[in-house]
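Okay, query00.txt now, which holds compact mmCIF, C-alpha atoms:
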```txt
# COMPACT_ATOMS: atom_id res chain seq x y z
CA MET A 17 24.47 -84.96 37.24
CA ARG A 18 23.92 -81.39 38.33
CA PRO A 19 24.31 -78.87 35.53
CA PHE A 20 27.54 -76.95 35.50
CA ALA A 21 27.19 -73.71 37.54
CA ILE A 22 29.54 -70.78 37.97
CA PRO A 23 30.16 -70.03 41.61
CA GLN A 24 28.45 -66.78 42.77
CA THR A 25 31.72 -64.90 43.19
CA ALA A 26 32.93 -66.00 39.76
CA ALA A 27 29.59 -65.05 38.19
CA ALA A 28 29.76 -61.61 39.74
CA ALA A 29 33.29 -61.20 38.48
CA ALA A 30 32.29 -62.28 34.97
CA CYS A 31 29.34 -59.91 34.98
CA THR A 32 31.57 -57.07 36.10
CA ALA A 33 34.05 -57.90 33.36
CA LEU A 34 31.30 -57.91 30.72
CA VAL A 35 29.99 -54.54 31.90
CA ALA A 36 33.51 -53.12 31.90
CA THR A 37 34.14 -54.47 28.40
CA ALA A 38 30.89 -52.96 27.14
CA ALA A 39 31.77 -49.66 28.73
CA LEU A 40 35.20 -49.72 27.12
CA LEU A 41 33.69 -50.53 23.73
CA GLY A 42 31.17 -47.71 24.16
CA ALA A 43 33.92 -45.31 25.14
CA SER A 44 36.00 -46.48 22.18
CA ASN A 45 33.11 -45.87 19.77
CA ALA A 46 32.42 -42.47 21.30
CA ALA A 47 36.08 -41.57 20.99
CA ALA A 48 36.11 -42.75 17.39
CA GLN A 49 33.19 -40.47 16.56
CA GLY A 50 34.18 -37.75 18.98
CA THR A 51 32.73 -34.35 19.71
CA VAL A 52 33.28 -30.74 18.70
CA ASN A 53 32.59 -27.72 20.89
CA ALA A 54 31.12 -24.90 18.83
CA LEU A 55 29.78 -21.39 19.28
CA CYS A 56 27.36 -20.04 16.69
CA SER A 57 26.22 -16.44 16.20
CA THR A 58 23.95 -16.62 13.16
CA ASP A 59 20.20 -17.34 13.32
CA ALA A 60 19.45 -20.02 15.90
CA GLY A 61 17.55 -22.12 13.35
CA TRP A 62 20.61 -22.36 11.10
CA CYS A 63 22.87 -23.13 14.07
CA GLU A 64 20.67 -25.99 15.23
CA ALA A 65 19.96 -27.43 11.77
CA ALA A 66 23.63 -27.40 10.78
CA ALA A 67 24.73 -29.14 13.96
CA ALA A 68 22.07 -31.84 13.58
CA ALA A 69 22.86 -32.46 9.89
CA PHE A 70 26.61 -32.66 10.50
CA THR A 71 26.12 -35.15 13.33
CA ARG A 72 23.86 -37.33 11.16
CA GLU A 73 26.44 -37.33 8.38
CA THR A 74 29.60 -37.86 10.42
CA GLY A 75 28.61 -39.26 13.80
CA ILE A 76 30.51 -36.40 15.46
CA LYS A 77 28.48 -34.86 18.27
CA VAL A 78 28.28 -31.07 18.13
CA LEU A 79 28.11 -29.40 21.55
CA GLN A 80 27.02 -25.95 20.46
CA ALA A 81 25.78 -22.74 22.09
CA HIS A 82 24.10 -19.79 20.38
CA LYS A 83 25.31 -16.31 21.43
CA GLY A 84 25.91 -12.86 20.00
CA THR A 85 29.34 -12.10 18.55
CA GLY A 86 30.11 -9.53 21.22
CA GLU A 87 29.37 -12.06 23.94
CA ILE A 88 31.48 -14.72 22.26
CA GLY A 89 34.44 -12.36 21.84
CA ALA A 90 34.36 -11.70 25.58
CA GLN A 91 34.02 -15.43 26.33
CA LEU A 92 37.04 -16.35 24.19
CA ARG A 93 39.13 -13.70 25.91
CA ALA A 94 38.08 -15.03 29.32
CA GLU A 95 38.91 -18.63 28.28
CA ALA A 96 42.17 -17.83 26.48
CA ALA A 97 44.38 -19.67 29.00
CA ASN A 98 42.14 -22.75 28.91
CA PRO A 99 40.00 -22.76 25.73
CA LYS A 100 36.70 -24.64 25.92
CA THR A 101 35.63 -23.85 22.35
CA ASP A 102 36.90 -25.48 19.14
CA ILE A 103 35.12 -23.49 16.42
CA TRP A 104 33.14 -20.26 16.14
CA TRP A 105 30.93 -19.57 13.14
CA GLY A 106 28.29 -17.15 11.91
CA GLY A 107 27.63 -13.59 12.97
CA THR A 108 29.22 -10.30 11.97
CA GLY A 109 32.86 -10.49 11.00
CA ASP A 110 34.30 -7.51 12.90
CA PRO A 111 34.42 -9.33 16.28
CA PHE A 112 36.12 -12.27 14.53
CA LEU A 113 38.83 -9.95 13.21
CA GLN A 114 39.25 -8.48 16.68
CA ALA A 115 39.66 -11.99 18.14
CA ALA A 116 42.26 -12.75 15.46
CA GLU A 117 44.16 -9.59 16.37
CA GLN A 118 44.15 -10.65 20.03
CA GLY A 119 45.66 -14.06 19.19
CA LEU A 120 42.56 -16.08 20.09
CA LEU A 121 42.15 -17.85 16.74
CA GLU A 122 44.04 -20.49 14.77
CA PRO A 123 45.14 -19.95 11.14
CA TYR A 124 43.41 -22.19 8.62
CA ARG A 125 43.34 -21.75 4.84
CA PRO A 126 41.08 -24.39 3.30
CA ALA A 127 42.07 -26.35 0.21
CA TYR A 128 38.80 -25.31 -1.51
CA ILE A 129 39.57 -21.56 -1.33
CA ASP A 130 38.87 -21.19 -5.07
CA ASP A 131 35.28 -22.31 -4.48
CA LEU A 132 34.63 -19.13 -2.47
CA TYR A 133 33.66 -15.63 -3.57
CA ASP A 134 36.36 -12.94 -3.58
CA TRP A 135 34.86 -11.13 -0.59
CA SER A 136 35.22 -14.32 1.45
CA VAL A 137 38.81 -14.88 0.32
CA ARG A 138 39.74 -11.29 1.24
CA GLN A 139 38.83 -12.03 4.86
CA TYR A 140 41.43 -14.81 4.92
CA ALA A 141 44.09 -12.49 3.50
CA MET A 142 43.20 -9.67 5.91
CA SER A 143 43.38 -11.91 8.99
CA GLN A 144 46.41 -14.04 8.12
CA ASN A 145 44.01 -16.93 7.45
CA MET A 146 42.46 -16.80 10.91
CA VAL A 147 39.00 -15.67 9.73
CA GLY A 148 37.07 -16.79 6.68
CA GLY A 149 34.12 -15.01 5.11
CA PHE A 150 31.06 -17.17 5.74
CA TYR A 151 28.24 -15.09 4.19
CA THR A 152 27.33 -11.46 3.48
CA SER A 153 24.33 -9.16 3.97
CA ALA A 154 23.54 -5.43 4.07
CA ILE A 155 22.18 -3.29 6.92
CA GLY A 156 18.71 -1.89 6.37
CA PHE A 157 15.23 -1.40 7.78
CA GLY A 158 12.35 -3.78 8.28
CA PHE A 159 8.92 -2.43 9.11
CA ASN A 160 5.45 -3.66 9.91
CA THR A 161 3.18 -2.19 7.23
CA GLU A 162 -0.01 -2.68 9.26
CA LEU A 163 1.38 -0.84 12.28
CA LEU A 164 2.69 2.03 10.18
CA LYS A 165 -0.67 2.36 8.43
CA LYS A 166 -2.53 2.25 11.75
CA ARG A 167 -0.29 4.98 13.16
CA LYS A 168 -0.36 7.00 9.91
CA LEU A 169 3.41 6.84 9.47
CA HIS A 170 5.29 6.74 6.18
CA GLU A 171 7.51 3.78 5.34
CA PRO A 172 11.13 4.78 6.08
CA ARG A 173 13.48 4.79 3.10
CA CYS A 174 16.50 6.75 4.33
CA TRP A 175 18.62 7.14 7.46
CA ALA A 176 17.25 10.70 7.63
CA ASP A 177 13.71 9.35 8.06
CA LEU A 178 14.47 7.50 11.28
CA ILE A 179 15.28 10.64 13.28
CA LYS A 180 12.01 12.40 12.48
CA PRO A 181 9.94 13.15 15.63
CA GLU A 182 6.96 11.11 14.42
CA TYR A 183 8.96 7.89 14.83
CA LYS A 184 9.53 8.40 18.55
CA GLY A 185 9.14 5.07 20.37
CA GLU A 186 8.67 3.18 17.10
CA ILE A 187 12.23 1.95 16.42
CA GLU A 188 14.16 -1.02 17.79
CA ILE A 189 17.89 -1.68 17.38
CA SER A 190 20.42 -3.88 19.18
CA HIS A 191 23.01 -2.94 21.81
CA PRO A 192 26.60 -2.64 20.52
CA ALA A 193 28.18 -4.08 23.68
CA SER A 194 26.61 -7.48 22.97
CA SER A 195 25.62 -7.31 19.31
CA GLY A 196 27.96 -7.30 16.35
CA THR A 197 25.04 -6.08 14.24
CA ALA A 198 24.80 -2.85 16.25
CA TYR A 199 28.55 -2.30 16.01
CA THR A 200 28.36 -2.75 12.23
CA ILE A 201 25.63 -0.08 12.13
CA ILE A 202 27.69 2.38 14.18
CA ALA A 203 30.92 1.73 12.29
CA GLY A 204 29.10 2.04 8.98
CA LEU A 205 27.54 5.39 9.91
CA VAL A 206 30.92 6.69 11.11
CA GLN A 207 32.48 5.81 7.77
CA GLN A 208 29.54 7.20 5.84
CA MET A 209 28.92 10.48 7.68
CA GLY A 210 32.16 11.22 9.52
CA GLU A 211 32.52 10.37 13.21
CA ASP A 212 31.17 13.52 14.87
CA GLU A 213 28.25 13.74 12.45
CA ALA A 214 27.47 10.05 12.99
CA PHE A 215 27.33 10.46 16.76
CA GLU A 216 25.10 13.50 16.42
CA TYR A 217 22.83 11.33 14.27
CA LEU A 218 22.92 8.48 16.82
CA ARG A 219 21.92 10.87 19.62
CA LYS A 220 18.90 11.96 17.59
CA LEU A 221 18.06 8.35 16.75
CA HIS A 222 18.28 7.46 20.46
CA ARG A 223 15.23 9.65 21.15
CA ASN A 224 13.15 7.46 18.85
CA VAL A 225 14.47 4.06 19.99
CA THR A 226 12.09 2.13 22.22
CA SER A 227 14.67 -0.51 23.26
CA TYR A 228 18.17 -1.83 22.62
CA THR A 229 18.04 -5.62 22.42
CA ARG A 230 20.84 -7.98 23.36
CA SER A 231 20.91 -9.57 19.90
CA GLY A 232 20.68 -8.16 16.40
CA GLN A 233 18.42 -11.08 15.49
CA ALA A 234 15.56 -9.83 17.68
CA GLN A 235 14.35 -7.05 15.37
CA ALA A 236 12.89 -9.22 12.59
CA PRO A 237 10.49 -11.30 14.72
CA ASN A 238 9.56 -8.31 16.86
CA VAL A 239 8.62 -6.30 13.76
CA ALA A 240 6.79 -9.24 12.17
CA LYS A 241 4.70 -9.88 15.29
CA GLY A 242 3.80 -6.21 15.67
CA GLU A 243 5.77 -5.64 18.88
CA VAL A 244 7.56 -2.70 17.26
CA ALA A 245 6.97 -0.82 14.02
CA ILE A 246 10.52 -0.49 12.67
CA GLY A 247 13.69 -2.52 13.19
CA VAL A 248 17.23 -1.69 12.10
CA SER A 249 19.30 -4.77 11.37
CA PHE A 250 20.48 -6.89 8.46
CA ILE A 251 17.92 -6.95 5.68
CA PHE A 252 17.97 -10.72 5.21
CA GLY A 253 16.47 -11.31 8.65
CA PHE A 254 13.24 -9.50 7.78
CA GLU A 255 12.84 -11.21 4.40
CA ARG A 256 12.11 -14.59 5.94
CA TRP A 257 9.07 -13.15 7.72
CA ARG A 258 7.88 -11.41 4.57
CA TYR A 259 7.97 -14.73 2.72
CA ASP A 260 6.02 -16.27 5.58
CA LYS A 261 3.20 -13.81 4.82
CA PHE A 262 3.73 -11.45 7.76
CA PRO A 263 3.07 -7.74 7.05
CA VAL A 264 6.76 -6.93 6.67
CA LYS A 265 8.63 -4.89 4.08
CA THR A 266 12.28 -3.89 3.87
CA ALA A 267 14.34 -0.99 2.59
CA ALA A 268 18.03 -0.33 2.08
CA PRO A 269 18.89 3.24 3.20
CA CYS A 270 18.81 5.64 0.27
CA GLU A 271 22.03 7.38 1.35
CA GLY A 272 23.97 4.10 1.38
CA THR A 273 24.63 1.50 4.03
CA GLY A 274 27.17 -0.76 5.69
CA TYR A 275 27.27 -4.50 5.34
CA GLU A 276 28.71 -7.55 7.02
CA ILE A 277 30.90 -10.42 6.04
CA GLY A 278 29.99 -13.10 8.54
CA GLY A 279 32.91 -15.01 10.02
CA ILE A 280 34.10 -18.54 10.64
CA ALA A 281 37.21 -19.50 12.60
CA LEU A 282 39.02 -22.20 14.54
CA VAL A 283 39.84 -21.32 18.14
CA LYS A 284 43.47 -21.38 19.23
CA GLY A 285 44.18 -24.26 21.59
CA ALA A 286 41.11 -26.23 20.50
CA ARG A 287 40.77 -29.58 22.26
CA ASN A 288 39.09 -31.26 19.27
CA LYS A 289 41.02 -29.66 16.45
CA GLU A 290 40.54 -32.32 13.77
CA ASN A 291 36.80 -32.55 14.37
CA ALA A 292 36.65 -28.76 14.36
CA LYS A 293 38.27 -28.73 10.91
CA ARG A 294 35.75 -31.30 9.68
CA TYR A 295 32.86 -29.18 10.94
CA TYR A 296 34.44 -26.04 9.43
CA ASP A 297 34.87 -27.69 6.02
CA TRP A 298 31.34 -29.05 6.09
CA LEU A 299 29.89 -25.65 7.03
CA MET A 300 31.70 -24.06 4.06
CA SER A 301 30.60 -26.80 1.65
CA PRO A 302 27.42 -26.59 -0.47
CA ALA A 303 25.73 -28.93 2.03
CA GLY A 304 26.49 -26.68 4.99
CA GLN A 305 25.96 -23.38 3.21
CA SER A 306 22.59 -24.44 1.82
CA ILE A 307 21.29 -25.09 5.35
CA GLY A 308 20.93 -21.32 5.73
CA GLY A 309 18.23 -20.99 3.11
CA LYS A 310 16.53 -24.20 4.20
CA SER A 311 16.24 -22.86 7.75
CA GLY A 312 15.01 -19.44 6.57
CA SER A 313 18.30 -17.60 7.16
CA LEU A 314 18.69 -15.69 3.91
CA GLN A 315 22.26 -14.34 3.81
CA SER A 316 24.29 -14.57 0.58
CA PRO A 317 26.56 -17.64 0.99
CA ALA A 318 30.34 -17.68 0.50
CA ASN A 319 30.49 -20.87 -1.56
CA LYS A 320 29.86 -20.14 -5.24
CA THR A 321 29.65 -23.75 -6.49
CA PHE A 322 25.92 -24.25 -5.87
CA LYS A 323 22.66 -22.42 -6.60
CA PRO A 324 21.59 -20.48 -3.51
CA ASP A 325 18.04 -20.10 -2.24
CA PRO A 326 16.11 -17.81 -4.63
CA ARG A 327 14.57 -15.95 -1.68
CA ILE A 328 17.93 -14.46 -0.69
CA PRO A 329 17.65 -10.70 -1.27
CA SER A 330 19.83 -9.34 -4.04
CA MET A 331 22.36 -6.69 -3.11
CA ALA A 332 22.64 -5.50 -6.71
CA ASP A 333 20.53 -2.38 -6.10
CA VAL A 334 21.81 -1.66 -2.59
CA LYS A 335 24.12 1.36 -2.30
CA LEU A 336 26.98 -0.09 -0.25
CA ILE A 337 29.61 2.06 1.38
CA LYS A 338 33.27 1.16 1.09
CA TYR A 339 33.44 -0.56 4.47
CA ASP A 340 36.92 -0.64 5.99
CA PHE A 341 36.93 -4.07 7.62
CA GLU A 342 40.60 -3.84 8.54
CA LYS A 343 40.29 -0.59 10.53
CA TYR A 344 36.93 -1.27 12.13
CA GLY A 345 37.82 -4.88 12.81
CA LYS A 346 40.46 -3.74 15.33
CA ALA A 347 39.67 -4.37 18.99
CA ALA A 348 40.84 -0.91 20.07
CA GLU A 349 38.64 0.80 17.47
CA ARG A 350 35.62 -1.24 18.48
CA LYS A 351 36.15 -0.43 22.17
CA ARG A 352 36.67 3.26 21.45
CA LEU A 353 33.47 3.59 19.41
CA ILE A 354 31.35 1.58 21.85
CA ASP A 355 32.72 3.56 24.81
CA ARG A 356 31.86 6.80 23.02
CA TRP A 357 28.39 5.49 22.20
CA THR A 358 27.85 4.58 25.88
CA ARG A 359 28.97 8.03 27.05
CA GLU A 360 27.29 10.17 24.44
CA VAL A 361 24.26 8.21 23.29
CA GLU A 362 23.04 5.57 25.74
CA SER A 363 23.38 7.93 28.70
CA GLN A 364 21.14 10.57 27.10
CA PRO A 365 17.50 10.94 28.19
CA LYS A 366 14.82 10.16 25.60
```
Take the structure from the file and write it as structure tokens.
Amino acid sequence: MRPFAIPQTAAAAACTALVATAALLGASNAAAQGTVNALCSTDAGWCEAAAAAFTRETGIKVLQAHKGTGEIGAQLRAEAANPKTDIWWGGTGDPFLQAAEQGLLEPYRPAYIDDLYDWSVRQYAMSQNMVGGFYTSAIGFGFNTELLKKRKLHEPRCWADLIKPEYKGEIEISHPASSGTAYTIIAGLVQQMGEDEAFEYLRKLHRNVTSYTRSGQAQAPNVAKGEVAIGVSFIFGFERWRYDKFPVKTAAPCEGTGYEIGGIALVKGARNKENAKRYYDWLMSPAGQSIGGKSGSLQSPANKTFKPDPRIPSMADVKLIKYDFEKYGKAAERKRLIDRWTREVESQPK
């Protein structure tokens, strides 16, 4: 007797059915795990490490891009009618507050609010729970000690030092149109000196600036590698390179300085809202917050229930100004100051 055989057409049909079933099962599993679309503005290493760790732990795939806060604010405004982003985290908080004001973010007050430092909780209150405080760090200087010694320049300690003629072409800072770091610097100087005096200072500083970078994260590696002598940015960024044995030192301005409270927020109209909340909660947990130190991003974390990386620079001896996050977190104020900077500073010859 001939062995039983499926006719060719039936075999093809069965094969097709098996493939379809497998595809459906795969789709079902993918749907069960799901995805989350994220934008991240802190150091790229932290962004990447956090996404990978969260995916390993939950199975949820993180589709994440790394951009400056200014760029992301513009992107969210452009996508407002059809949001493609679920969660935005890291980077200076002012652009987050501006996005909240413009109705681009979703309120969310986590159940673990008592696990967070007061400065983080204040961001929730200020923004009607649309923006949380993710970390904090102060503005300061990083400088390459070998370059300064070679060029016979003193280490800068004060804002007043940076406008001295001998530093011409030696200073790098970021561009406020794309970088939240640069806006924090401008807004801080305005609050510290008075607006007209601050813009007079910025015009003098402009003469010494060699370039305005797209991101506020560029200064630390550029200083460490000897591409520029002095960078103005958040102090924490330079510390990583100092610990890695590069010839880098830092200083907090002697007159006082501004600081950031980095943001985290859910985007209004998110397509993957529940997964976005899971990613948000994980990022604010000890597991997520500790990724910063592990990846060499040394901001002071918002969660107070774990021991942070000992390399994180203390802000105890830094003279902080009383930064008005509410006023300078307004979209109109940001636009006004950046427009004035473009007219009165960037347009000036060096």
Which residues are near segment 79-86 of chain A? Cut-off 10 Å, only C-alpha atoms, ignore same chain within fewer than 5 positions. Put them as a PyMOL selection string. chain A and resi 51-61+63-64+67+91+101-112+191-199+230-233+279
Mind listing as a list in words all residues within 6 Å of (21.0, -1.1, 16.3), counting only C-alpha atoms?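 Within the cut-off we find Ile189, Ser190, Ala198 and Val248 of chain A.
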For a test of reading the model, state the distance in Å between atom CA of Leu314 of chain A and atom CA of Phe252 of chain A, rounded to one decimal.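 Distance between the two atoms: 5.2 Å.
Remark: for Pro181 of chain A, the closest of the candidate residues A:Ala348, A:Ile354, A:Leu299, A:Leu169 is A:Leu169 (distances computed over all atoms listed in the file).
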When you draw a straight line from atom CA of Ala90 of chain A to atom CA of Gly278 of chain A, how long is it in Å?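 Atom CA of Gly278 of chain A lies 17.6 Å from atom CA of Ala90 of chain A.
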Quote the spacing between atom CA of Thr358 of chain A and atom CA of Met209 of chain A in Å to one decimal place.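 Those two atoms sit 19.2 Å apart.
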Using all atoms listed in the file, the shortest atom-to-atom distance to Lys284 of chain A among A:Ala245, A:Ile88, A:Met146, A:Val239 belongs to A:Met146
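Checking A:Arg173, A:Lys346, A:Arg352, A:Arg167 one by one against Glu186 of chain A, counting all atoms listed in the file, you find the shortest gap at A:Arg167.
The shortest atom-to-atom distance to Ala127 of chain A, with all atoms listed in the file taken into account, belongs to A:Met300 out of A:Met300, A:Val361, A:Val206, A:Ile155.
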Skip Val244 of chain A itself and residues of its chain fewer than 4 positions away, then list as a ChimeraX atom specification all residues within 9 Å of it, counting all atoms listed in the file. /A:159-160,163,185-188,226,235,238-240
For segment 353-364 of chain A, supply all heavy atoms and format the output as an mmCIF file, in the frame of the given file.
```cif
data_model
loop_
_atom_site.group_PDB
_atom_site.id
_atom_site.type_symbol
_atom_site.label_atom_id
_atom_site.label_comp_id
_atom_site.auth_asym_id
_atom_site.auth_seq_id
_atom_site.Cartn_x
_atom_site.Cartn_y
_atom_site.Cartn_z
ATOM 1 N N LEU A 353 34.768 3.162 19.915
ATOM 2 C CA LEU A 353 33.470 3.590 19.410
ATOM 3 C C LEU A 353 32.334 3.202 20.356
ATOM 4 O O LEU A 353 31.408 3.983 20.582
ATOM 5 C CB LEU A 353 33.225 3.002 18.025
ATOM 6 C CG LEU A 353 34.056 3.594 16.885
ATOM 7 C CD1 LEU A 353 33.729 2.898 15.568
ATOM 8 C CD2 LEU A 353 33.836 5.097 16.751
ATOM 9 N N ILE A 354 32.403 2.004 20.925
ATOM 10 C CA ILE A 354 31.350 1.580 21.850
ATOM 11 C C ILE A 354 31.395 2.415 23.130
ATOM 12 O O ILE A 354 30.348 2.815 23.666
ATOM 13 C CB ILE A 354 31.446 0.075 22.155
ATOM 14 C CG1 ILE A 354 31.117 -0.726 20.890
ATOM 15 C CG2 ILE A 354 30.490 -0.315 23.282
ATOM 16 C CD1 ILE A 354 31.280 -2.219 21.044
ATOM 17 N N ASP A 355 32.596 2.702 23.621
ATOM 18 C CA ASP A 355 32.720 3.560 24.810
ATOM 19 C C ASP A 355 32.133 4.937 24.539
ATOM 20 O O ASP A 355 31.441 5.516 25.391
ATOM 21 C CB ASP A 355 34.181 3.681 25.235
ATOM 22 C CG ASP A 355 34.717 2.433 25.902
ATOM 23 O OD1 ASP A 355 33.907 1.545 26.231
ATOM 24 O OD2 ASP A 355 35.942 2.338 26.090
ATOM 25 N N ARG A 356 32.417 5.489 23.357
ATOM 26 C CA ARG A 356 31.860 6.800 23.020
ATOM 27 C C ARG A 356 30.347 6.720 22.909
ATOM 28 O O ARG A 356 29.638 7.635 23.370
ATOM 29 C CB ARG A 356 32.482 7.320 21.714
ATOM 30 C CG ARG A 356 31.981 8.711 21.354
ATOM 31 C CD ARG A 356 32.696 9.353 20.178
ATOM 32 N NE ARG A 356 32.131 10.674 19.942
ATOM 33 C CZ ARG A 356 32.518 11.496 18.970
ATOM 34 N NH1 ARG A 356 33.487 11.139 18.128
ATOM 35 N NH2 ARG A 356 31.933 12.683 18.824
ATOM 36 N N TRP A 357 29.830 5.653 22.307
ATOM 37 C CA TRP A 357 28.390 5.490 22.200
ATOM 38 C C TRP A 357 27.747 5.431 23.591
ATOM 39 O O TRP A 357 26.709 6.043 23.840
ATOM 40 C CB TRP A 357 28.066 4.219 21.415
ATOM 41 C CG TRP A 357 26.606 3.981 21.209
ATOM 42 C CD1 TRP A 357 25.814 4.469 20.208
ATOM 43 C CD2 TRP A 357 25.739 3.212 22.052
ATOM 44 N NE1 TRP A 357 24.518 4.049 20.373
ATOM 45 C CE2 TRP A 357 24.448 3.280 21.491
ATOM 46 C CE3 TRP A 357 25.940 2.473 23.217
ATOM 47 C CZ2 TRP A 357 23.347 2.626 22.063
ATOM 48 C CZ3 TRP A 357 24.851 1.819 23.795
ATOM 49 C CH2 TRP A 357 23.574 1.899 23.223
ATOM 50 N N THR A 358 28.381 4.700 24.513
ATOM 51 C CA THR A 358 27.850 4.580 25.880
ATOM 52 C C THR A 358 27.815 5.940 26.574
ATOM 53 O O THR A 358 26.834 6.286 27.236
ATOM 54 C CB THR A 358 28.700 3.585 26.697
ATOM 55 O OG1 THR A 358 28.705 2.319 26.032
ATOM 56 C CG2 THR A 358 28.154 3.424 28.102
ATOM 57 N N ARG A 359 28.888 6.710 26.414
ATOM 58 C CA ARG A 359 28.970 8.030 27.050
ATOM 59 C C ARG A 359 28.008 9.041 26.448
ATOM 60 O O ARG A 359 27.327 9.771 27.152
ATOM 61 C CB ARG A 359 30.396 8.601 26.929
ATOM 62 C CG ARG A 359 31.453 7.945 27.770
ATOM 63 C CD ARG A 359 32.716 8.801 27.787
ATOM 64 N NE ARG A 359 33.103 9.287 26.456
ATOM 65 C CZ ARG A 359 33.897 8.626 25.629
ATOM 66 N NH1 ARG A 359 34.380 7.439 25.982
ATOM 67 N NH2 ARG A 359 34.226 9.143 24.447
ATOM 68 N N GLU A 360 27.964 9.062 25.135
ATOM 69 C CA GLU A 360 27.290 10.170 24.440
ATOM 70 C C GLU A 360 25.892 9.848 23.945
ATOM 71 O O GLU A 360 25.129 10.767 23.644
ATOM 72 C CB GLU A 360 28.150 10.631 23.258
ATOM 73 C CG GLU A 360 29.520 11.154 23.665
ATOM 74 C CD GLU A 360 30.294 11.694 22.483
ATOM 75 O OE1 GLU A 360 29.685 11.947 21.403
ATOM 76 O OE2 GLU A 360 31.516 11.876 22.617
ATOM 77 N N VAL A 361 25.565 8.573 23.850
ATOM 78 C CA VAL A 361 24.260 8.210 23.290
ATOM 79 C C VAL A 361 23.396 7.506 24.342
ATOM 80 O O VAL A 361 22.331 7.996 24.713
ATOM 81 C CB VAL A 361 24.424 7.313 22.033
ATOM 82 C CG1 VAL A 361 23.041 6.932 21.492
ATOM 83 C CG2 VAL A 361 25.244 8.030 20.970
ATOM 84 N N GLU A 362 23.854 6.358 24.818
ATOM 85 C CA GLU A 362 23.040 5.570 25.740
ATOM 86 C C GLU A 362 22.687 6.341 27.005
ATOM 87 O O GLU A 362 21.610 6.167 27.571
ATOM 88 C CB GLU A 362 23.752 4.272 26.095
ATOM 89 C CG GLU A 362 22.911 3.322 26.928
ATOM 90 C CD GLU A 362 23.628 2.036 27.247
ATOM 91 O OE1 GLU A 362 24.872 2.024 27.312
ATOM 92 O OE2 GLU A 362 22.935 1.009 27.452
ATOM 93 N N SER A 363 23.582 7.188 27.457
ATOM 94 C CA SER A 363 23.380 7.930 28.700
ATOM 95 C C SER A 363 22.382 9.077 28.565
ATOM 96 O O SER A 363 21.939 9.641 29.575
ATOM 97 C CB SER A 363 24.713 8.493 29.213
ATOM 98 O OG SER A 363 25.228 9.426 28.261
ATOM 99 N N GLN A 364 22.021 9.420 27.327
ATOM 100 C CA GLN A 364 21.140 10.570 27.100
ATOM 101 C C GLN A 364 19.686 10.222 27.415
ATOM 102 O O GLN A 364 19.214 9.127 27.151
ATOM 103 C CB GLN A 364 21.247 11.034 25.659
ATOM 104 C CG GLN A 364 22.631 11.535 25.261
ATOM 105 C CD GLN A 364 23.059 12.731 26.084
ATOM 106 O OE1 GLN A 364 22.353 13.736 26.166
ATOM 107 N NE2 GLN A 364 24.211 12.630 26.706
#
```
